[in-house]
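Heads up, final-v5.txt below (compact mmCIF, C-alpha atoms):
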# COMPACT_ATOMS: atom_id res chain seq x y z
CA MET A 1 0.00 0.00 0.00
CA SER A 2 1.39 3.40 -0.96
CA ASP A 3 1.57 6.37 1.38
CA LEU A 4 -1.25 8.56 0.12
CA THR A 5 -2.04 11.78 1.96
CA VAL A 6 -5.36 13.61 2.21
CA ASN A 7 -5.22 17.43 2.25
CA PRO A 8 -8.24 19.69 2.82
CA TRP A 9 -8.70 22.76 0.60
CA LYS A 10 -11.22 25.61 1.03
CA ARG A 11 -11.26 28.56 -1.34
CA HIS A 12 -13.72 30.46 -3.52
CA GLY A 13 -16.72 28.76 -1.91
CA LYS A 14 -15.39 25.26 -2.60
CA ASP A 15 -14.65 22.65 0.08
CA ARG A 16 -12.51 19.83 -1.28
CA LEU A 17 -10.20 17.01 -0.21
CA TYR A 18 -7.14 16.21 -2.34
CA VAL A 19 -5.33 12.85 -2.28
CA ASN A 20 -1.62 13.06 -3.23
CA LEU A 21 1.33 10.73 -3.52
CA PRO A 22 4.36 11.44 -1.26
CA ASP A 23 6.04 13.32 -4.13
CA GLY A 24 3.00 15.63 -4.47
CA THR A 25 1.44 14.04 -7.56
CA PRO A 26 -2.35 14.44 -7.41
CA VAL A 27 -4.18 11.11 -7.41
CA ALA A 28 -7.80 12.10 -6.72
CA TRP A 29 -9.94 14.85 -5.29
CA ALA A 30 -13.42 15.00 -3.77
CA ASP A 31 -16.02 17.71 -3.36
CA ARG A 32 -17.35 17.56 0.20
CA ASP A 33 -20.73 19.12 -0.64
CA SER A 34 -21.69 16.84 -3.53
CA LYS A 35 -19.64 13.80 -2.39
CA VAL A 36 -18.25 13.29 -5.89
CA ILE A 37 -14.78 11.72 -6.08
CA THR A 38 -12.74 12.38 -9.22
CA VAL A 39 -9.88 9.92 -9.76
CA LYS A 40 -6.92 11.19 -11.80
CA VAL A 41 -4.57 8.17 -11.53
CA ALA A 42 -6.33 4.85 -12.14
CA GLU A 43 -3.53 2.78 -10.50
CA HIS A 44 -4.36 4.19 -7.05
CA ARG A 45 -8.14 4.32 -7.51
CA HIS A 46 -9.15 1.81 -4.80
CA GLU A 47 -6.80 3.26 -2.17
CA ALA A 48 -7.84 6.85 -2.89
CA VAL A 49 -11.56 6.02 -2.79
CA ALA A 50 -11.11 4.13 0.50
CA LEU A 51 -9.30 7.11 2.06
CA LEU A 52 -11.87 9.62 0.86
CA ARG A 53 -14.79 7.45 2.04
CA GLN A 54 -13.37 7.68 5.58
CA HIS A 55 -13.79 11.48 5.36
CA LEU A 56 -16.99 11.65 3.31
CA GLY A 57 -18.95 8.61 4.44
CA ASP A 58 -21.37 6.75 2.16
CA PRO A 59 -22.86 7.14 -0.45
CA VAL A 60 -20.28 8.69 -2.79
CA THR A 61 -20.09 9.01 -6.55
CA VAL A 62 -16.81 8.01 -8.20
CA ARG A 63 -15.81 9.22 -11.64
CA THR A 64 -12.60 9.02 -13.63
CA ASP A 65 -10.96 12.17 -14.94
CA ARG A 66 -10.37 11.43 -18.63
CA PRO A 67 -9.39 13.85 -21.35
CA ALA A 68 -12.19 14.63 -23.79
CA ALA A 69 -10.09 13.45 -26.76
CA SER A 70 -9.99 9.85 -25.47
CA HIS A 71 -13.72 9.33 -26.07
CA PRO A 72 -14.45 8.05 -29.58
CA ARG A 73 -16.92 10.20 -31.45
CA ARG A 74 -20.08 8.58 -32.66
CA PRO A 75 -21.19 9.38 -36.18
CA ARG A 76 -24.35 11.43 -36.40
CA PRO A 77 -27.36 9.81 -38.04
CA ALA A 78 -28.28 11.27 -41.39
CA GLU A 79 -31.14 13.74 -41.22
CA PRO A 80 -34.16 13.00 -43.40
CA PRO A 81 -34.78 15.63 -46.06
CA GLN A 82 -37.42 18.18 -45.14
CA GLN A 83 -40.15 18.21 -47.72
CA SER A 84 -42.55 20.75 -46.25
CA SER A 85 -40.25 23.78 -46.13
CA PRO A 86 -40.73 26.29 -48.97
CA PRO A 87 -37.68 27.35 -50.98
CA ALA A 88 -35.89 30.38 -49.59
CA LYS A 89 -36.56 33.66 -51.36
CA PRO A 90 -33.53 35.36 -52.88
CA ARG A 91 -32.50 38.42 -50.92
CA ARG A 92 -32.80 41.72 -52.74
CA ASP A 93 -30.01 44.22 -52.56
CA ARG A 94 -31.26 47.32 -50.86
CA ARG A 95 -29.97 50.81 -51.30
CA PRO A 96 -28.29 52.27 -48.23
CA LEU A 97 -30.54 54.57 -46.25
CA SER A 98 -29.78 58.24 -46.63
CA LEU A 99 -29.45 60.41 -43.57
CA PRO A 100 -31.28 63.74 -43.30
CA GLU A 101 -29.29 66.89 -43.91
CA LEU A 102 -27.84 68.56 -40.81
CA THR A 103 -29.15 71.99 -39.87
CA VAL A 104 -27.66 74.73 -37.71
CA ALA A 105 -29.83 73.51 -34.80
CA ASP A 106 -28.14 70.09 -35.03
CA ASP A 107 -24.60 71.50 -34.93
CA LEU A 108 -23.07 70.68 -31.53
CA GLU A 109 -20.35 73.32 -31.87
CA LYS A 110 -22.90 76.12 -31.60
CA ASN A 111 -25.43 74.19 -29.45
CA PRO A 112 -23.64 72.18 -26.75
CA PRO A 113 -25.59 69.23 -25.31
CA GLY A 114 -27.88 70.29 -22.47
CA ALA A 115 -27.81 74.00 -23.35
CA ALA A 116 -31.57 74.11 -23.91
CA LEU A 117 -32.19 72.36 -20.60
CA LEU A 118 -29.91 74.75 -18.70
CA SER A 119 -31.58 77.80 -20.22
CA ASP A 120 -35.03 76.36 -19.40
CA MET A 121 -33.96 75.79 -15.77
CA ALA A 122 -32.66 79.36 -15.55
CA VAL A 123 -36.04 80.72 -16.72
CA ARG A 124 -38.00 78.62 -14.21
CA GLY A 125 -35.77 79.42 -11.24
CA PRO A 126 -34.94 77.11 -8.34
CA SER A 127 -37.21 74.17 -7.54
CA VAL A 128 -39.48 73.94 -4.52
CA VAL A 129 -36.97 71.68 -2.75
CA ALA A 130 -34.08 74.06 -3.48
CA ARG A 131 -36.10 77.05 -2.23
CA SER A 132 -37.16 75.17 0.93
CA TRP A 133 -33.58 74.09 1.62
CA SER A 134 -32.31 77.64 1.13
CA LYS A 135 -35.02 78.97 3.45
CA LEU A 136 -34.16 76.39 6.09
CA LEU A 137 -30.45 77.30 5.93
CA LYS A 138 -31.30 81.01 5.73
CA ARG A 139 -29.48 81.45 2.42
CA PRO A 140 -30.61 83.47 -0.58
CA SER A 141 -32.46 81.31 -3.13
CA GLY A 142 -30.98 83.28 -6.05
Have the structure of the file written as structure tokens, please.
Amino acid sequence: MSDLTVNPWKRHGKDRLYVNLPDGTPVAWADRDSKVITVKVAEHRHEAVALLRQHLGDPVTVRTDRPAASHPRRPRPAEPPQQSSPPAKPRRDRRPLSLPELTVADDLEKNPPGAALLSDMAVRGPSVVARSWSKLLKRPSG
């Protein structure tokens, strides 16, 4: 029996147990919340699962960590031809939309954004809240 060690790890909301060989090579790890054991080295599978079951209890789910490329791909079944769909209509080329001509009122150099709003606020004077606050603080409402 090899000398496997179990190390707890808690970070980023995860609570895990890692099983390592004496040289630090990871053999397996387990998520404490879901009780799922992931085995990385198949040679030490039974020992790692036995160690982790002591910490997790029963029942546990054991899975093997395999690279995705090792799974053979299954060929897709041929799709039957669709008979009910109408033929697609050819797309017409459309002319680009023309933009309206700019006027002096649209020129931002002479009319900065918000200028009309500021002039409207100056005509109306301070709001009811601003006047009440000024009155409370005994300041001019100007």
What does the structure give for the distance between CA of Thr64 in chain A and CA of Thr38 in chain A, in Å to one decimal?
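Going from CA of Thr64 in chain A over to CA of Thr38 in chain A, I get 5.5 Å.
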Pairwise distance, CA of Pro8 in chain A with CA of Ala48 in chain A, equals 14.1 Å
The distance between CA of Asp3 in chain A and CA of Pro26 in chain A is 12.6 Å
So which residues are close to (0.4, 14.2, -9.3), meaning at most 12 Å away in the file's coordinates with only C-alpha atoms counted, and can you show them as a ChimeraX atom specification? /A:4-5,18-29,39-42,44
From (-11.8, 5.3, 0.2), in the file's coordinates, out to 12 Å: which residues are reached, counting only C-alpha atoms? Answer as a PyMOL selection string. chain A and resi 4-6+17+19+28-30+35-39+44-62
Would you mind exporting the chosen residues as a CSV table (one decimal), in the coordinates of the input, restricted to C-alpha atoms?
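Result went into again-v5.csv, see below:
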chain,number,residue,atom,x,y,z
A,4,LEU,CA,-1.2,8.6,0.1
A,5,THR,CA,-2.0,11.8,2.0
A,6,VAL,CA,-5.4,13.6,2.2
A,17,LEU,CA,-10.2,17.0,-0.2
A,19,VAL,CA,-5.3,12.8,-2.3
A,28,ALA,CA,-7.8,12.1,-6.7
A,29,TRP,CA,-9.9,14.8,-5.3
A,30,ALA,CA,-13.4,15.0,-3.8
A,35,LYS,CA,-19.6,13.8,-2.4
A,36,VAL,CA,-18.2,13.3,-5.9
A,37,ILE,CA,-14.8,11.7,-6.1
A,38,THR,CA,-12.7,12.4,-9.2
A,39,VAL,CA,-9.9,9.9,-9.8
A,44,HIS,CA,-4.4,4.2,-7.0
A,45,ARG,CA,-8.1,4.3,-7.5
A,46,HIS,CA,-9.2,1.8,-4.8
A,47,GLU,CA,-6.8,3.3,-2.2
A,48,ALA,CA,-7.8,6.8,-2.9
A,49,VAL,CA,-11.6,6.0,-2.8
A,50,ALA,CA,-11.1,4.1,0.5
A,51,LEU,CA,-9.3,7.1,2.1
A,52,LEU,CA,-11.9,9.6,0.9
A,53,ARG,CA,-14.8,7.4,2.0
A,54,GLN,CA,-13.4,7.7,5.6
A,55,HIS,CA,-13.8,11.5,5.4
A,56,LEU,CA,-17.0,11.6,3.3
A,57,GLY,CA,-19.0,8.6,4.4
A,58,ASP,CA,-21.4,6.8,2.2
A,59,PRO,CA,-22.9,7.1,-0.4
A,60,VAL,CA,-20.3,8.7,-2.8
A,61,THR,CA,-20.1,9.0,-6.6
A,62,VAL,CA,-16.8,8.0,-8.2
